[in-house]
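One file, coords.cif, is given below (mmCIF, C-alpha atoms).
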```
data_coords
loop_
_atom_site.label_atom_id
_atom_site.label_comp_id
_atom_site.auth_asym_id
_atom_site.auth_seq_id
_atom_site.Cartn_x
_atom_site.Cartn_y
_atom_site.Cartn_z
CA PHE A 1 -17.28 -31.09 -25.05
CA ASN A 2 -20.72 -29.75 -24.15
CA ILE A 3 -21.38 -26.60 -22.12
CA ALA A 4 -24.27 -26.35 -19.69
CA GLY A 5 -25.68 -22.98 -20.84
CA ASP A 6 -25.68 -20.67 -23.83
CA THR A 7 -22.15 -19.42 -23.11
CA PRO A 8 -19.30 -21.22 -21.34
CA THR A 9 -18.51 -20.47 -17.71
CA VAL A 10 -14.95 -19.75 -16.59
CA ASP A 11 -14.58 -23.38 -15.49
CA GLU A 12 -15.78 -24.60 -18.88
CA ASP A 13 -13.43 -22.20 -20.68
CA GLN A 14 -10.53 -23.55 -18.63
CA GLN A 15 -11.51 -27.14 -19.51
CA ILE A 16 -11.73 -26.21 -23.20
CA ASP A 17 -8.29 -24.56 -23.02
CA ALA A 18 -6.83 -27.72 -21.46
CA LEU A 19 -8.37 -29.96 -24.15
CA VAL A 20 -7.11 -27.73 -26.97
CA LYS A 21 -3.62 -27.59 -25.51
CA GLN A 22 -3.54 -31.37 -25.09
CA TYR A 23 -4.58 -31.79 -28.73
CA GLU A 24 -1.87 -29.38 -29.88
CA GLN A 25 0.74 -31.20 -27.76
CA ASP A 26 -0.28 -34.57 -29.22
CA TYR A 27 -0.10 -33.08 -32.73
CA ARG A 28 3.34 -31.63 -32.06
CA ASN A 29 4.66 -34.84 -30.47
CA TYR A 30 3.41 -36.93 -33.42
CA TYR A 31 5.45 -34.93 -35.91
CA ILE A 32 8.51 -34.91 -33.65
CA GLU A 33 8.31 -38.72 -33.50
CA GLN A 34 8.23 -38.74 -37.32
CA GLY A 35 11.52 -36.84 -37.37
CA VAL A 36 10.05 -33.46 -38.27
CA ASP A 37 11.99 -30.54 -36.78
CA MET A 38 9.44 -28.53 -34.79
CA PRO A 39 10.70 -25.11 -33.60
CA SER A 40 10.36 -24.26 -29.92
CA ASP A 41 7.49 -21.96 -28.97
CA ALA A 42 8.67 -21.30 -25.43
CA PRO A 43 8.27 -17.63 -24.44
CA GLY A 44 11.21 -15.32 -25.07
CA ALA A 45 12.65 -12.72 -22.71
CA LEU A 46 10.35 -9.92 -23.87
CA SER A 47 7.19 -12.03 -23.68
CA LEU A 48 8.01 -12.86 -20.05
CA LEU A 49 6.67 -9.39 -19.23
CA GLY A 50 3.27 -10.83 -20.08
CA ASN A 51 3.74 -13.40 -17.33
CA VAL A 52 4.52 -10.60 -14.88
CA ALA A 53 1.27 -8.85 -15.81
CA ALA A 54 -0.63 -12.14 -15.57
CA GLY A 55 0.77 -12.72 -12.07
CA ALA A 56 -0.27 -9.26 -10.89
CA THR A 57 -3.74 -9.76 -12.37
CA GLY A 58 -4.01 -13.13 -10.65
CA ILE A 59 -3.33 -11.88 -7.14
CA LEU A 60 -5.61 -8.85 -7.54
CA GLY A 61 -8.42 -11.00 -8.93
CA GLY A 62 -7.88 -13.56 -6.19
CA ALA A 63 -7.93 -10.81 -3.57
CA ALA A 64 -11.26 -9.51 -4.90
CA GLN A 65 -12.67 -13.03 -4.86
CA GLY A 66 -11.32 -13.57 -1.34
CA ALA A 67 -12.78 -10.33 -0.04
CA LEU A 68 -16.16 -11.39 -1.41
CA GLY A 69 -15.76 -14.83 0.16
CA LEU A 70 -14.99 -13.34 3.56
CA THR A 71 -18.28 -11.41 3.43
CA SER A 72 -20.22 -14.50 2.30
CA PRO A 73 -22.43 -14.80 5.43
CA ILE A 74 -23.85 -11.28 4.97
CA VAL A 75 -24.09 -11.17 1.14
CA PRO A 76 -27.27 -12.65 -0.42
CA ASP A 77 -26.60 -15.70 -2.58
CA PHE A 78 -28.25 -14.17 -5.65
CA ILE A 79 -25.69 -11.34 -5.47
CA GLU A 80 -22.62 -13.29 -4.39
CA ARG A 81 -22.59 -15.94 -7.12
CA PRO A 82 -22.88 -13.66 -10.19
CA VAL A 83 -20.44 -11.14 -8.70
CA GLU A 84 -17.92 -13.88 -7.99
CA GLU A 85 -18.31 -15.30 -11.51
CA GLY A 86 -17.80 -11.78 -12.88
CA ILE A 87 -14.57 -11.38 -10.91
CA ARG A 88 -13.34 -14.77 -12.11
CA ARG A 89 -14.28 -13.93 -15.70
CA ALA A 90 -12.43 -10.59 -15.62
CA THR A 91 -9.34 -12.24 -14.09
CA TYR A 92 -9.39 -15.09 -16.60
CA GLU A 93 -9.79 -12.83 -19.65
CA THR A 94 -7.05 -10.43 -18.48
CA GLN A 95 -4.60 -13.23 -17.75
CA GLU A 96 -5.32 -14.85 -21.12
CA TYR A 97 -4.59 -11.52 -22.80
CA PHE A 98 -1.23 -11.05 -21.11
CA ARG A 99 0.06 -14.59 -20.72
CA PRO A 100 2.08 -15.78 -23.76
CA GLU A 101 0.51 -18.70 -25.64
CA THR A 102 2.77 -21.74 -25.69
CA ILE A 103 2.28 -25.43 -26.33
CA GLU A 104 5.46 -26.35 -24.51
CA ASP A 105 5.94 -26.08 -20.76
CA PRO A 106 6.65 -22.34 -20.35
CA GLY A 107 9.58 -23.18 -18.10
CA PHE A 108 11.02 -21.93 -14.83
CA ALA A 109 11.68 -18.39 -16.06
CA ALA A 110 8.01 -17.90 -16.92
CA LYS A 111 6.95 -19.17 -13.49
CA VAL A 112 9.37 -16.79 -11.78
CA ALA A 113 8.08 -13.90 -13.92
CA GLU A 114 4.50 -14.68 -12.94
CA GLY A 115 5.57 -15.00 -9.30
CA ALA A 116 7.22 -11.59 -9.53
CA GLY A 117 3.98 -10.16 -10.87
CA SER A 118 2.03 -11.68 -7.99
CA ILE A 119 4.26 -10.04 -5.39
CA ALA A 120 4.34 -6.63 -7.14
CA PRO A 121 1.01 -5.36 -5.68
CA LEU A 122 2.18 -6.38 -2.20
CA VAL A 123 5.46 -4.52 -2.63
CA GLY A 124 3.46 -1.54 -3.88
CA THR A 125 1.34 -1.41 -0.73
CA ALA A 126 4.46 -1.86 1.41
CA LEU A 127 5.95 1.28 -0.13
CA LEU A 128 3.06 3.44 1.09
CA THR A 129 4.11 6.15 3.53
CA GLY A 130 2.84 6.80 7.01
CA GLY A 131 0.97 4.13 8.91
CA ALA A 132 -0.86 2.74 5.84
CA ALA A 133 1.87 0.41 4.61
CA LEU A 134 1.55 -2.46 7.08
CA PRO A 135 -2.27 -2.68 7.25
CA ALA A 136 -2.58 -2.29 3.47
CA THR A 137 -0.05 -5.05 2.80
CA VAL A 138 -1.53 -7.38 5.41
CA GLY A 139 -5.03 -6.65 4.12
CA LEU A 140 -4.10 -7.48 0.54
CA GLY A 141 -2.31 -10.64 1.71
CA VAL A 142 -5.34 -11.74 3.74
CA ALA A 143 -7.69 -11.18 0.80
CA ALA A 144 -5.36 -13.01 -1.59
CA GLY A 145 -4.96 -15.97 0.80
CA ALA A 146 -8.71 -16.12 1.27
CA GLY A 147 -9.11 -15.99 -2.50
CA GLU A 148 -6.77 -18.93 -3.02
CA GLN A 149 -8.67 -21.05 -0.52
CA ARG A 150 -11.98 -19.84 -1.95
CA GLU A 151 -10.96 -21.15 -5.36
CA ARG A 152 -9.98 -24.49 -3.84
CA THR A 153 -13.31 -24.83 -2.04
CA ARG A 154 -15.12 -23.92 -5.25
CA GLN A 155 -13.32 -26.68 -7.14
CA ALA A 156 -14.23 -29.11 -4.35
CA GLY A 157 -17.88 -28.02 -4.49
CA VAL A 158 -18.08 -26.66 -0.93
CA ALA A 159 -17.51 -22.92 -1.52
CA TYR A 160 -21.00 -21.87 -0.44
CA SER A 161 -21.20 -24.11 2.63
CA PRO A 162 -20.27 -23.24 6.23
CA GLU A 163 -17.28 -25.56 5.83
CA GLY A 164 -16.14 -23.63 2.76
CA TYR A 165 -16.54 -20.29 4.53
CA GLY A 166 -14.48 -21.51 7.49
CA ALA A 167 -11.73 -22.67 5.11
CA THR A 168 -11.79 -19.28 3.37
CA VAL A 169 -11.28 -17.49 6.71
CA LEU A 170 -8.36 -19.77 7.56
CA GLY A 171 -6.90 -19.15 4.10
CA GLY A 172 -7.03 -15.44 4.82
CA ALA A 173 -5.07 -15.98 8.03
CA VAL A 174 -2.38 -17.81 6.03
CA GLY A 175 -2.33 -14.94 3.52
CA SER A 176 -1.25 -12.52 6.24
CA LEU A 177 2.17 -14.24 6.12
CA GLU A 178 2.81 -12.50 2.79
CA ALA A 179 3.78 -9.35 4.68
CA VAL A 180 6.52 -11.03 6.72
CA PRO A 181 9.33 -11.27 4.13
CA ILE A 182 8.31 -8.00 2.45
CA PHE A 183 8.77 -5.85 5.52
CA GLY A 184 12.07 -7.59 6.14
CA LYS A 185 13.14 -6.40 2.69
CA ILE A 186 11.94 -2.80 2.91
CA PRO A 187 13.23 -1.24 6.13
CA GLY A 188 12.55 2.42 6.87
CA LEU A 189 9.35 2.77 4.84
CA GLY A 190 8.79 6.41 3.92
CA LYS A 191 12.46 7.19 4.70
CA VAL A 192 14.17 6.19 1.47
CA MET A 193 16.91 8.82 1.38
CA PRO A 194 18.21 8.32 4.95
CA GLY A 195 18.18 4.58 4.35
CA LEU A 196 20.19 4.98 1.16
CA ALA A 197 22.65 7.25 2.95
CA ASP A 198 23.15 4.63 5.67
CA VAL A 199 23.91 1.98 3.05
CA LEU A 200 26.46 4.20 1.33
CA ASP A 201 28.10 5.19 4.63
CA SER A 202 28.43 1.57 5.71
CA ASN A 203 29.98 0.50 2.38
CA PRO A 204 32.88 2.80 1.45
CA THR A 205 33.90 0.87 -1.66
CA PHE A 206 31.96 -0.48 -4.63
CA LYS A 207 33.27 -3.98 -3.92
CA GLN A 208 31.94 -3.91 -0.37
CA GLN A 209 28.59 -2.58 -1.55
CA ALA A 210 28.30 -5.33 -4.15
CA ALA A 211 29.17 -8.01 -1.61
CA ALA A 212 26.58 -6.67 0.85
CA ARG A 213 23.88 -6.61 -1.82
CA ILE A 214 24.57 -10.15 -2.97
CA LYS A 215 24.52 -11.46 0.59
CA ARG A 216 21.30 -9.61 1.38
CA ALA A 217 19.67 -10.85 -1.83
CA PHE A 218 20.32 -14.49 -0.96
CA VAL A 219 19.15 -14.00 2.62
CA THR A 220 15.95 -12.40 1.37
CA GLY A 221 15.47 -15.13 -1.21
CA GLY A 222 15.60 -17.67 1.61
CA GLU A 223 12.99 -15.75 3.61
CA GLU A 224 10.64 -15.57 0.62
CA ALA A 225 11.18 -19.27 -0.12
CA ALA A 226 10.39 -20.22 3.47
CA GLN A 227 7.25 -18.05 3.51
CA GLU A 228 5.97 -19.49 0.21
CA ALA A 229 6.65 -23.06 1.33
CA ALA A 230 4.88 -22.46 4.66
CA SER A 231 1.89 -20.77 3.01
CA ASN A 232 1.49 -23.50 0.39
CA THR A 233 1.68 -26.27 2.99
CA LEU A 234 -0.82 -24.54 5.30
CA GLN A 235 -3.26 -23.97 2.43
CA ASN A 236 -2.92 -27.68 1.55
CA LEU A 237 -3.63 -28.67 5.16
CA ILE A 238 -6.75 -26.48 5.21
CA GLU A 239 -7.92 -28.09 1.97
CA ALA A 240 -7.36 -31.54 3.46
CA GLY A 241 -10.15 -30.73 5.94
CA TYR A 242 -12.77 -30.94 3.18
CA ASN A 243 -10.90 -32.74 0.39
CA PRO A 244 -9.52 -36.16 1.39
CA GLU A 245 -7.40 -36.29 -1.78
CA ALA A 246 -5.40 -33.16 -0.90
CA GLU A 247 -1.69 -33.75 -0.34
CA PRO A 248 -0.06 -31.67 2.44
CA PHE A 249 3.15 -31.00 0.51
CA GLU A 250 1.85 -30.86 -3.06
CA GLY A 251 3.51 -27.97 -4.89
CA THR A 252 5.54 -26.93 -1.84
CA ALA A 253 8.96 -27.51 -3.42
CA GLU A 254 8.04 -25.51 -6.52
CA ALA A 255 6.50 -22.71 -4.43
CA ALA A 256 9.71 -22.47 -2.38
CA THR A 257 11.97 -22.48 -5.43
CA VAL A 258 9.98 -19.88 -7.34
CA GLY A 259 9.50 -17.79 -4.18
CA GLY A 260 13.21 -17.83 -3.46
CA ALA A 261 14.06 -16.73 -7.00
CA VAL A 262 11.48 -13.93 -6.84
CA GLY A 263 12.80 -12.81 -3.45
CA VAL A 264 16.35 -12.52 -4.77
CA GLY A 265 15.20 -10.61 -7.85
CA VAL A 266 13.01 -8.18 -5.90
CA GLN A 267 15.79 -7.41 -3.44
CA VAL A 268 18.32 -6.80 -6.23
CA LEU A 269 15.90 -4.33 -7.86
CA LEU A 270 15.20 -2.58 -4.57
CA ASP A 271 18.90 -2.26 -3.85
CA ALA A 272 19.53 -0.93 -7.35
CA PHE A 273 16.71 1.62 -7.55
CA VAL A 274 15.56 2.32 -3.99
#
```
How would this structure read if it were set down as structure tokens?
Amino acid sequence: FNIAGDTPTVDEDQQIDALVKQYEQDYRNYYIEQGVDMPSDAPGALSLLGNVAAGATGILGGAAQGALGLTSPIVPDFIERPVEEGIRRATYETQEYFRPETIEDPGFAAKVAEGAGSIAPLVGTALLTGGAALPATVGLGVAAGAGEQRERTRQAGVAYSPEGYGATVLGGAVGSLEAVPIFGKIPGLGKVMPGLADVLDSNPTFKQQAAARIKRAFVTGGEEAAQEAASNTLQNLIEAGYNPEAEPFEGTAEAATVGGAVGVGVQVLLDAFV
């Protein structure tokens, strides 16, 4: 594998990582076929916290990249490109630091943990008091959605074209959907104690409280699943405008499943601690 310059770019580093992992998988599979007992290296419960941190880093890095992409028409090219590469480099290095190294497929639990990390900054902005919560959450969602589409246009080689800019703007519009299930889960922002009192008053017994929480968790999980499925499909449709190989429903089922699991988990935590 040859790099173009003196040091590898983020794209080249990602290609190198993929080649190394493939080599390690082939090595592992060879010995398994020979009857050698190879211990699992799937991440344990404690190391899943690294996936949470990696997810949070990913959305914040994507949001920074998206915000830069949205200002593309007014930012000189000689500034935009190195700044964007710097953002991508910082995001890549931070995620590599936190994300557990594993040859095997990290599994569903790791994907849910990373999904939980990606929603954590959005929940954080939604907990702001006063009138800042909604615009802050929508703004972060817009930037993150724009960042996702920006990365797709970059991979397709059209990021710095008018077509790529238009796709980035549309991606930002899709990102605004991130606020929909969150504000359904956090009623009465800035009024935590009255909200808690209402819950306790409406559930006189522990059994009734538990039943209400379980029901609400599954309802919320469905909302999050629907939002993730819709967002993924819309981002795919935007990509199809400049990439003929894009599939409208690629990754939608996984996005819905992971999103639903994250939605249930977040609601359980909010009910327990908020």
Distance of CA of Gln149 in chain A from CA of Ala253 in chain A, expressed in Å to one decimal place: 19.0 Å
Within 12 Å of Ala226 in chain A using all atoms listed in the file, minus same-chain residues under 5 positions, as a list in words: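 The neighbour list is Leu177, Glu178, Val180, Pro181, Val219, Thr220, Gly221, Ser231, Asn232, Thr233, Thr252, Ala253, Glu254, Ala255, Ala256, Thr257, Val258, Gly259, Gly260, Ala261 and Gly263 of chain A.
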The PyMOL selection byres ((chain A and resi 118-134) around 9) - which residues does that actually catch in the file I just gave you? List them as an mmCIF file with C-alpha atoms, keeping the file's coordinate frame.
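expr07.cif, written as the output of this step:
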```
data_model
loop_
_atom_site.group_PDB
_atom_site.id
_atom_site.type_symbol
_atom_site.label_atom_id
_atom_site.label_comp_id
_atom_site.auth_asym_id
_atom_site.auth_seq_id
_atom_site.Cartn_x
_atom_site.Cartn_y
_atom_site.Cartn_z
ATOM 1 C CA VAL A 52 4.520 -10.600 -14.880
ATOM 2 C CA ALA A 53 1.270 -8.850 -15.810
ATOM 3 C CA ALA A 54 -0.630 -12.140 -15.570
ATOM 4 C CA GLY A 55 0.770 -12.720 -12.070
ATOM 5 C CA ALA A 56 -0.270 -9.260 -10.890
ATOM 6 C CA THR A 57 -3.740 -9.760 -12.370
ATOM 7 C CA GLY A 58 -4.010 -13.130 -10.650
ATOM 8 C CA ILE A 59 -3.330 -11.880 -7.140
ATOM 9 C CA LEU A 60 -5.610 -8.850 -7.540
ATOM 10 C CA ALA A 113 8.080 -13.900 -13.920
ATOM 11 C CA GLU A 114 4.500 -14.680 -12.940
ATOM 12 C CA GLY A 115 5.570 -15.000 -9.300
ATOM 13 C CA ALA A 116 7.220 -11.590 -9.530
ATOM 14 C CA GLY A 117 3.980 -10.160 -10.870
ATOM 15 C CA PRO A 135 -2.270 -2.680 7.250
ATOM 16 C CA ALA A 136 -2.580 -2.290 3.470
ATOM 17 C CA THR A 137 -0.050 -5.050 2.800
ATOM 18 C CA VAL A 138 -1.530 -7.380 5.410
ATOM 19 C CA GLY A 139 -5.030 -6.650 4.120
ATOM 20 C CA LEU A 140 -4.100 -7.480 0.540
ATOM 21 C CA GLY A 141 -2.310 -10.640 1.710
ATOM 22 C CA GLU A 178 2.810 -12.500 2.790
ATOM 23 C CA ALA A 179 3.780 -9.350 4.680
ATOM 24 C CA ILE A 182 8.310 -8.000 2.450
ATOM 25 C CA PHE A 183 8.770 -5.850 5.520
ATOM 26 C CA ILE A 186 11.940 -2.800 2.910
ATOM 27 C CA LEU A 189 9.350 2.770 4.840
ATOM 28 C CA GLY A 190 8.790 6.410 3.920
ATOM 29 C CA LYS A 191 12.460 7.190 4.700
ATOM 30 C CA VAL A 262 11.480 -13.930 -6.840
ATOM 31 C CA VAL A 266 13.010 -8.180 -5.900
#
```
Length of the CA of Ile238 in chain A to CA of Ala167 in chain A vector [Å]: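 So the answer is 6.3 Å.
Our summary of the geometry notes that CA of Gly251 in chain A is positioned 12.3 Å from CA of Leu237 in chain A.
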Taking the file as I've supplied it (selection: the PyMOL selection byres ((chain A and resi 240) around 12)), which residues are included? Please answer as a compact mmCIF listing (two decimals) with C-alpha atoms, in the coordinates of the input.
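selection_26.txt, written as the output of this step:
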```txt
# COMPACT_ATOMS: atom_id res chain seq x y z
CA GLN A 149 -8.67 -21.05 -0.52
CA ARG A 152 -9.98 -24.49 -3.84
CA THR A 153 -13.31 -24.83 -2.04
CA ALA A 156 -14.23 -29.11 -4.35
CA GLU A 163 -17.28 -25.56 5.83
CA GLY A 164 -16.14 -23.63 2.76
CA ALA A 167 -11.73 -22.67 5.11
CA THR A 233 1.68 -26.27 2.99
CA LEU A 234 -0.82 -24.54 5.30
CA GLN A 235 -3.26 -23.97 2.43
CA ASN A 236 -2.92 -27.68 1.55
CA LEU A 237 -3.63 -28.67 5.16
CA ILE A 238 -6.75 -26.48 5.21
CA GLU A 239 -7.92 -28.09 1.97
CA GLY A 241 -10.15 -30.73 5.94
CA TYR A 242 -12.77 -30.94 3.18
CA ASN A 243 -10.90 -32.74 0.39
CA PRO A 244 -9.52 -36.16 1.39
CA GLU A 245 -7.40 -36.29 -1.78
CA ALA A 246 -5.40 -33.16 -0.90
CA GLU A 247 -1.69 -33.75 -0.34
CA PRO A 248 -0.06 -31.67 2.44
CA PHE A 249 3.15 -31.00 0.51
CA GLU A 250 1.85 -30.86 -3.06
```
Contacts of Gln65 in chain A at 12 Å (only C-alpha atoms; same-chain gap of 3+ positions) as a PyMOL selection string: chain A and resi 58-62+68-72+80-91+140+142-152+154+159+168+172
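Of the residues listed (A:Tyr92, A:Tyr30, A:Tyr165, A:Phe78), A:Tyr92 shows the shortest atom-to-atom separation from Gln14 in chain A; distances use all atoms listed in the file.
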